[in-house]
>>> print(open('entry37.txt').read())   # compact mmCIF, C-alpha atoms
# COMPACT_ATOMS: atom_id res chain seq x y z
CA MET A 268 -47.04 -0.83 -48.52
CA ASN A 269 -45.78 -4.02 -46.89
CA VAL A 270 -48.31 -4.93 -44.20
CA TYR A 271 -47.44 -7.47 -41.51
CA VAL A 272 -50.04 -8.74 -39.04
CA LEU A 273 -48.71 -10.23 -35.80
CA ASN A 274 -50.80 -13.29 -35.09
CA LEU A 275 -50.50 -16.30 -32.80
CA ASP A 276 -50.94 -19.75 -34.33
CA SER A 277 -53.72 -20.34 -31.79
CA ALA A 278 -55.60 -17.16 -32.83
CA LYS A 279 -56.96 -18.39 -36.16
CA ASP A 280 -60.21 -16.51 -35.57
CA ARG A 281 -58.32 -13.21 -35.44
CA TRP A 282 -56.47 -13.90 -38.68
CA LYS A 283 -59.74 -14.38 -40.56
CA ALA A 284 -60.25 -10.61 -40.53
CA TYR A 285 -57.07 -10.15 -42.60
CA GLU A 286 -56.58 -13.26 -44.71
CA ASP A 287 -58.43 -11.85 -47.73
CA LYS A 288 -56.48 -8.58 -47.78
CA GLY A 289 -53.28 -10.02 -49.22
CA TRP A 290 -51.32 -8.94 -46.17
CA ASN A 291 -48.45 -10.86 -44.59
CA ARG A 292 -49.02 -12.93 -41.49
CA TRP A 293 -46.14 -12.80 -39.00
CA LYS A 294 -46.08 -15.68 -36.52
CA ALA A 295 -46.37 -14.12 -33.08
CA THR A 296 -44.40 -15.62 -30.24
CA HIS A 297 -46.33 -17.34 -27.45
CA TYR A 298 -44.61 -17.67 -24.10
CA ASP A 299 -44.93 -21.44 -24.43
CA ASP A 300 -42.71 -21.17 -27.53
CA LEU A 301 -39.86 -19.99 -25.31
CA PRO A 302 -37.81 -22.29 -23.06
CA ASP A 303 -38.57 -21.95 -19.36
CA ASP A 304 -35.08 -20.62 -18.74
CA HIS A 305 -35.19 -17.95 -21.45
CA PRO A 306 -33.55 -14.84 -19.97
CA ILE A 307 -36.41 -12.56 -21.02
CA PHE A 308 -38.59 -13.93 -18.21
CA ASP A 309 -36.15 -12.79 -15.52
CA GLU A 310 -35.05 -9.60 -17.26
CA MET A 311 -38.50 -8.17 -18.05
CA VAL A 312 -39.54 -5.54 -15.50
CA SER A 313 -43.11 -5.91 -14.20
CA MET A 314 -44.96 -4.87 -11.06
CA TYR A 315 -44.31 -7.24 -8.18
CA ASN A 316 -47.97 -8.29 -8.01
CA ILE A 317 -48.54 -8.90 -11.73
CA ASN A 318 -50.24 -12.10 -12.75
CA PRO A 319 -47.40 -14.45 -13.82
CA LEU A 320 -49.17 -15.28 -17.08
CA GLU A 321 -49.50 -11.57 -17.88
CA HIS A 322 -45.79 -11.14 -17.26
CA GLN A 323 -45.02 -14.02 -19.61
CA ALA A 324 -47.37 -12.59 -22.24
CA LYS A 325 -45.55 -9.22 -22.04
CA CYS A 326 -42.31 -11.10 -22.67
CA ALA A 327 -43.77 -12.87 -25.68
CA CYS A 328 -45.12 -9.60 -27.11
CA TYR A 329 -41.65 -8.07 -26.77
CA MET A 330 -40.06 -11.01 -28.57
CA THR A 331 -42.65 -10.85 -31.38
CA HIS A 332 -42.00 -7.22 -32.26
CA ILE A 333 -38.22 -7.49 -32.17
CA SER A 334 -38.32 -10.62 -34.33
CA LEU A 335 -40.14 -8.65 -37.05
CA TRP A 336 -37.74 -5.71 -36.69
CA LYS A 337 -34.83 -8.09 -37.25
CA HIS A 338 -36.59 -9.41 -40.36
CA ILE A 339 -37.02 -5.87 -41.69
CA ILE A 340 -33.34 -5.15 -41.06
CA SER A 341 -31.94 -8.33 -42.58
CA ASN A 342 -34.15 -8.08 -45.68
CA ASP A 343 -33.81 -4.30 -46.12
CA LEU A 344 -37.60 -3.91 -46.24
CA LYS A 345 -39.19 -0.55 -46.90
CA ASN A 346 -42.61 0.96 -46.12
CA VAL A 347 -43.64 -1.62 -43.53
CA LEU A 348 -46.91 -1.28 -41.66
CA VAL A 349 -46.98 -3.40 -38.51
CA LEU A 350 -50.36 -4.42 -37.09
CA GLU A 351 -51.26 -6.40 -34.03
CA ASP A 352 -54.18 -8.68 -34.79
CA ASP A 353 -56.65 -6.64 -32.75
CA ALA A 354 -56.24 -3.67 -35.11
CA HIS A 355 -59.49 -2.77 -36.87
CA GLN A 356 -59.25 -0.69 -40.04
CA ILE A 357 -61.62 2.29 -40.21
CA ALA A 358 -60.09 4.33 -43.04
CA ASP A 359 -58.04 3.92 -46.20
CA LEU A 360 -54.32 3.40 -45.80
CA PRO A 361 -52.31 6.53 -46.56
CA ASN A 362 -49.82 6.40 -49.40
CA PRO A 363 -46.37 5.54 -48.02
CA GLU A 364 -44.88 8.58 -49.73
CA ASP A 365 -47.25 10.78 -47.70
CA LEU A 366 -45.76 9.45 -44.45
CA PRO A 367 -42.40 10.53 -42.96
CA GLN A 368 -39.67 8.64 -44.81
CA GLY A 369 -36.45 9.52 -42.98
CA GLN A 370 -35.44 8.17 -39.59
CA ASP A 371 -39.04 8.43 -38.47
CA LEU A 372 -41.70 6.26 -36.86
CA THR A 373 -45.38 6.97 -37.52
CA TYR A 374 -48.33 5.66 -35.51
CA LEU A 375 -51.56 4.92 -37.34
CA GLY A 376 -53.41 4.07 -34.14
CA GLY A 377 -52.95 4.03 -30.39
CA ILE A 378 -53.58 6.16 -27.30
CA THR A 379 -51.96 9.44 -26.25
CA TYR A 380 -50.72 9.37 -22.65
CA ASN A 381 -49.14 11.65 -20.11
CA LYS A 382 -45.35 11.49 -19.91
CA ARG A 383 -45.71 9.72 -16.57
CA LEU A 384 -47.75 6.61 -17.26
CA THR A 385 -49.36 6.61 -13.83
CA ASP A 386 -51.02 9.92 -14.76
CA GLY A 387 -53.05 8.05 -17.36
CA PRO A 388 -54.30 8.99 -20.84
CA LYS A 389 -53.91 12.56 -22.10
CA PRO A 390 -56.51 13.50 -24.72
CA MET A 391 -54.96 15.76 -27.35
CA GLU A 392 -56.16 17.77 -30.33
CA PHE A 393 -54.47 17.34 -33.71
CA LYS A 394 -54.69 18.61 -37.24
CA GLU A 395 -55.61 16.24 -40.03
CA GLY A 396 -52.65 14.31 -41.40
CA ILE A 397 -49.15 14.14 -39.90
CA ASN A 398 -48.56 15.40 -36.35
CA GLU A 399 -45.25 15.34 -34.53
CA ILE A 400 -45.12 13.64 -31.13
CA ILE A 401 -43.49 16.11 -28.73
CA PRO A 402 -41.98 14.08 -25.84
CA ALA A 403 -42.23 17.06 -23.48
CA ASP A 404 -46.01 17.17 -24.05
CA PHE A 405 -47.19 13.57 -24.35
CA ARG A 406 -46.25 10.03 -25.25
CA MET A 407 -47.84 7.19 -27.19
CA ILE A 408 -48.70 3.76 -25.87
CA MET A 409 -49.68 0.63 -27.80
CA LEU A 410 -47.93 -0.87 -30.80
CA MET A 411 -51.21 -1.84 -32.38
CA SER A 412 -50.44 -0.01 -35.64
CA TYR A 413 -47.21 1.69 -36.70
CA PHE A 414 -45.26 2.45 -39.86
CA ILE A 415 -41.53 1.79 -40.35
CA PRO A 416 -40.21 3.36 -43.58
CA ASN A 417 -36.85 1.60 -43.74
CA ARG A 418 -34.35 -0.70 -42.03
CA ARG A 419 -32.59 2.21 -40.31
CA VAL A 420 -35.68 2.94 -38.24
CA ALA A 421 -36.13 -0.74 -37.38
CA LEU A 422 -32.49 -0.83 -36.27
CA LYS A 423 -32.94 2.22 -34.05
CA LEU A 424 -35.99 0.62 -32.42
CA LEU A 425 -34.14 -2.64 -31.89
CA GLN A 426 -31.15 -0.87 -30.37
CA CYS A 427 -33.39 1.13 -28.07
CA VAL A 428 -35.14 -1.85 -26.52
CA THR A 429 -32.16 -4.21 -26.36
CA GLU A 430 -29.36 -1.87 -25.31
CA ARG A 431 -30.91 0.35 -22.64
CA GLY A 432 -30.97 -2.09 -19.75
CA ARG A 433 -33.71 -4.43 -18.58
CA PRO A 434 -36.70 -4.65 -20.92
CA ARG A 435 -40.15 -3.34 -20.03
CA ALA A 436 -43.45 -3.39 -21.88
CA ILE A 437 -42.19 -2.75 -25.39
CA ASP A 438 -44.64 0.04 -26.28
CA THR A 439 -43.38 2.09 -23.33
CA MET A 440 -39.72 1.71 -24.31
CA ILE A 441 -39.54 3.02 -27.85
CA LYS A 442 -40.34 6.61 -26.87
CA ASP A 443 -36.60 6.84 -26.18
CA ALA A 444 -35.51 5.55 -29.60
CA TRP A 445 -33.36 7.95 -31.61
CA VAL A 446 -36.02 8.45 -34.26
CA SER A 447 -38.50 11.26 -34.81
CA GLN A 448 -42.01 10.08 -34.00
CA TYR A 449 -45.34 11.11 -35.53
CA LEU A 450 -48.98 10.11 -35.60
CA TYR A 451 -51.40 10.13 -38.53
CA TYR A 452 -54.71 11.78 -37.66
CA PRO A 453 -57.39 10.65 -37.47
CA ALA A 454 -56.27 7.10 -36.78
CA VAL A 455 -56.51 4.55 -39.57
CA PHE A 456 -56.83 1.68 -37.09
CA VAL A 457 -58.65 1.39 -33.79
CA GLU A 458 -58.45 -1.38 -31.26
CA LYS A 459 -61.05 -4.12 -31.44
CA PRO A 460 -62.80 -4.41 -28.06
CA ILE A 461 -62.04 -8.11 -27.74
CA GLN A 462 -60.36 -10.20 -25.08
CA SER A 463 -56.76 -9.12 -24.60
CA GLN A 464 -54.08 -11.76 -25.06
CA ILE A 465 -52.01 -10.07 -22.36
CA ARG A 466 -54.35 -8.56 -19.75
CA ASP A 467 -57.53 -10.43 -18.84
CA LYS A 468 -59.11 -7.38 -17.20
CA LYS A 469 -58.44 -4.90 -20.00
CA SER A 470 -61.39 -2.51 -20.23
CA LYS A 471 -60.12 0.49 -22.21
CA PHE A 472 -59.51 0.66 -25.96
CA SER A 473 -58.29 3.18 -28.53
CA ASN A 474 -60.51 5.24 -30.82
CA GLN A 475 -59.98 7.27 -34.00
CA TYR A 476 -58.92 10.33 -31.98
CA TYR A 477 -56.19 8.43 -30.09
CA HIS A 478 -58.34 8.58 -26.95
CA SER A 479 -58.99 5.84 -24.42
CA VAL A 480 -62.62 4.64 -24.49
CA THR A 481 -64.76 1.97 -22.88
CA LYS A 482 -65.66 -1.30 -24.58
CA LYS A 483 -69.19 -0.01 -25.22
CA GLN A 484 -67.85 3.18 -26.83
CA ALA A 485 -65.38 1.19 -28.92
CA LEU A 486 -68.11 -1.11 -30.22
CA SER A 487 -70.33 1.86 -31.09
CA GLN A 488 -67.48 3.58 -32.91
CA ILE A 489 -66.69 0.56 -35.03
CA LYS A 490 -70.34 0.08 -35.88
CA ASN A 491 -70.76 3.72 -36.91
CA ILE A 492 -67.54 4.11 -38.89
CA SER A 493 -67.13 0.74 -40.54
CA GLN A 494 -70.05 0.92 -42.93
CA LYS A 495 -67.50 0.95 -45.73
CA LYS A 496 -66.24 -2.61 -45.92
CA ASN A 497 -63.43 -2.52 -48.46
CA PHE A 498 -60.88 -0.01 -47.27
CA LYS A 499 -57.80 0.33 -49.41
>>> encode(input="entry37.txt", output="structure tokens")
Amino acid sequence: MNVYVLNLDSAKDRWKAYEDKGWNRWKATHYDDLPDDHPIFDEMVSMYNINPLEHQAKCACYMTHISLWKHIISNDLKNVLVLEDDAHQIADLPNPEDLPQGQDLTYLGGITYNKRLTDGPKPMEFKEGINEIIPADFRMIMLMSYFIPNRRVALKLLQCVTERGRPRAIDTMIKDAWVSQYLYYPAVFVEKPIQSQIRDKKSKFSNQYYHSVTKKQALSQIKNISQKKNFK
């Protein structure tokens, strides 16, 4: 499996958790890396009262993911696992051949939400292994951990977020991509309860069941599950 960790140059402390795994570091985009007149800043849709720095960080996150998708496409990469650098591994990686390999996207971590985001998280029950995401029932948020089997899927994601009008938070956009979407249960990665690089007041994190939990619950979960230190 080709693993890429999205990591800012300034976040050297976050990279330390991955540098001994032999995984690839992908330079994340910081909003200061972009010119002040970059069109993404005006095109990105945010609430009118959002903190300007949060808006800029959303833009940079968007640019980071699409830059890696373009890399996957141009280099015809296969079996790519994309991780944001707050992803904490709590189980062995599945074999790529055990994950959907067609025009499919598979989440290995995240939070299940109601179709309407303002309705909040929607706890779901799943069977062990691969579960299909049914858009009529629920949606996923977060791009903390997801698997792209081939360049065709990366292209579909790229087309979805760049050709459907003004961009929004990138994790909320790809539900409309023309790919089948799945989640692997229980999650292989959970979200570290650390300071968000986008939202200063973030207080909810993902757990192994794809539920939203408090910082205290997230810390307890990691402590209880991560007794095994060398996950494959």
>>> residues_around(input="entry37.txt", residues="Asp343 of chain A", least_positions_apart="2", cutoff="8 Å", atoms="all atoms listed in the file", output="list in words")
Ile339, Ile340, Ser341, Lys345, Asn417 and Arg418 of chain A
>>> closest_residue(input="entry37.txt", among="A:Ile441, A:Gln323, A:Gln484, A:Lys423", to="His305 of chain A", atoms="all atoms listed in the file")
A:Gln323
>>> closest_residue(input="entry37.txt", among="A:Asp438, A:Glu392, A:Asp287, A:Asp404", to="Cys326 of chain A", atoms="all atoms listed in the file")
A:Asp438
>>> closest_atom_pairs(input="entry37.txt", of="segment 283-350 of chain A", to="segment 456-465 of chain A", cutoff="8 Å", atoms="all atoms listed in the file", output="Markdown table")
| residue | atom | partner | partner_atom | distance |
| --- | --- | --- | --- | --- |
| A:Leu320 | CA | A:Ile465 | CA | 7.9 |
| A:Glu321 | CA | A:Ile465 | CA | 5.3 |
| A:Ala324 | CA | A:Ile465 | CA | 5.3 |
| A:Lys325 | CA | A:Ile465 | CA | 6.5 |
>>> atom_distance(input="entry37.txt", atom1="atom CA of Met409 of chain A", atom2="atom CA of Asn342 of chain A")
25.2 Å
>>> closest_residue(input="entry37.txt", among="A:Lys442, A:Arg383, A:Lys283, A:His355", to="Lys490 of chain A", atoms="only C-alpha atoms")
A:His355
>>> residues_around(input="entry37.txt", residues="Asp365 of chain A", least_positions_apart="6", cutoff="12 Å", atoms="only C-alpha atoms", output="list in words")
Met268, Asn346, Thr373, Gly396, Ile397, Phe414, Pro416 and Tyr451 of chain A
>>> closest_residue(input="entry37.txt", among="A:Asn316, A:Ser412, A:Asn398, A:Ser470", to="Tyr271 of chain A", atoms="only C-alpha atoms")
A:Ser412
>>> atom_distance(input="entry37.txt", atom1="atom CA of Pro302 of chain A", atom2="atom CA of Cys427 of chain A")
24.4 Å
>>> atom_distance(input="entry37.txt", atom1="atom CA of Leu425 of chain A", atom2="atom CA of Trp336 of chain A")
6.7 Å
>>> residues_around(input="entry37.txt", residues="Gln448 of chain A", least_positions_apart="3", cutoff="6 Å", atoms="only C-alpha atoms", output="list in words")
Asp371, Leu372, Thr373 and Ile400 of chain A
>>> residues_around(input="entry37.txt", residues="Asn381 of chain A", least_positions_apart="5", cutoff="10 Å", atoms="all atoms listed in the file", output="PDB file with C-alpha atoms, in the frame of the given file")
ATOM      1  CA  ASP A 386     -51.020   9.920 -14.760  1.00  0.00           C
ATOM      2  CA  GLY A 387     -53.050   8.050 -17.360  1.00  0.00           C
ATOM      3  CA  PRO A 388     -54.300   8.990 -20.840  1.00  0.00           C
ATOM      4  CA  LYS A 389     -53.910  12.560 -22.100  1.00  0.00           C
ATOM      5  CA  PRO A 390     -56.510  13.500 -24.720  1.00  0.00           C
ATOM      6  CA  PRO A 402     -41.980  14.080 -25.840  1.00  0.00           C
ATOM      7  CA  ALA A 403     -42.230  17.060 -23.480  1.00  0.00           C
ATOM      8  CA  ASP A 404     -46.010  17.170 -24.050  1.00  0.00           C
ATOM      9  CA  PHE A 405     -47.190  13.570 -24.350  1.00  0.00           C
ATOM     10  CA  ARG A 406     -46.250  10.030 -25.250  1.00  0.00           C
ATOM     11  CA  MET A 407     -47.840   7.190 -27.190  1.00  0.00           C
ATOM     12  CA  ILE A 408     -48.700   3.760 -25.870  1.00  0.00           C
TER      13      ILE A 408
END
>>> closest_residue(input="entry37.txt", among="A:Asn269, A:Ile492, A:Asp276, A:Ala436", to="Pro363 of chain A", atoms="only C-alpha atoms")
A:Asn269
>>> closest_residue(input="entry37.txt", among="A:Glu364, A:Glu351, A:Glu399, A:Glu430", to="Ala284 of chain A", atoms="only C-alpha atoms")
A:Glu351
>>> residues_around(input="entry37.txt", residues="Thr429 of chain A", least_positions_apart="2", cutoff="12 Å", atoms="all atoms listed in the file", output="PyMOL selection string")
chain A and resi 307+310-311+329-330+332-334+336-337+422-427+431-435+437+440-441+443-444
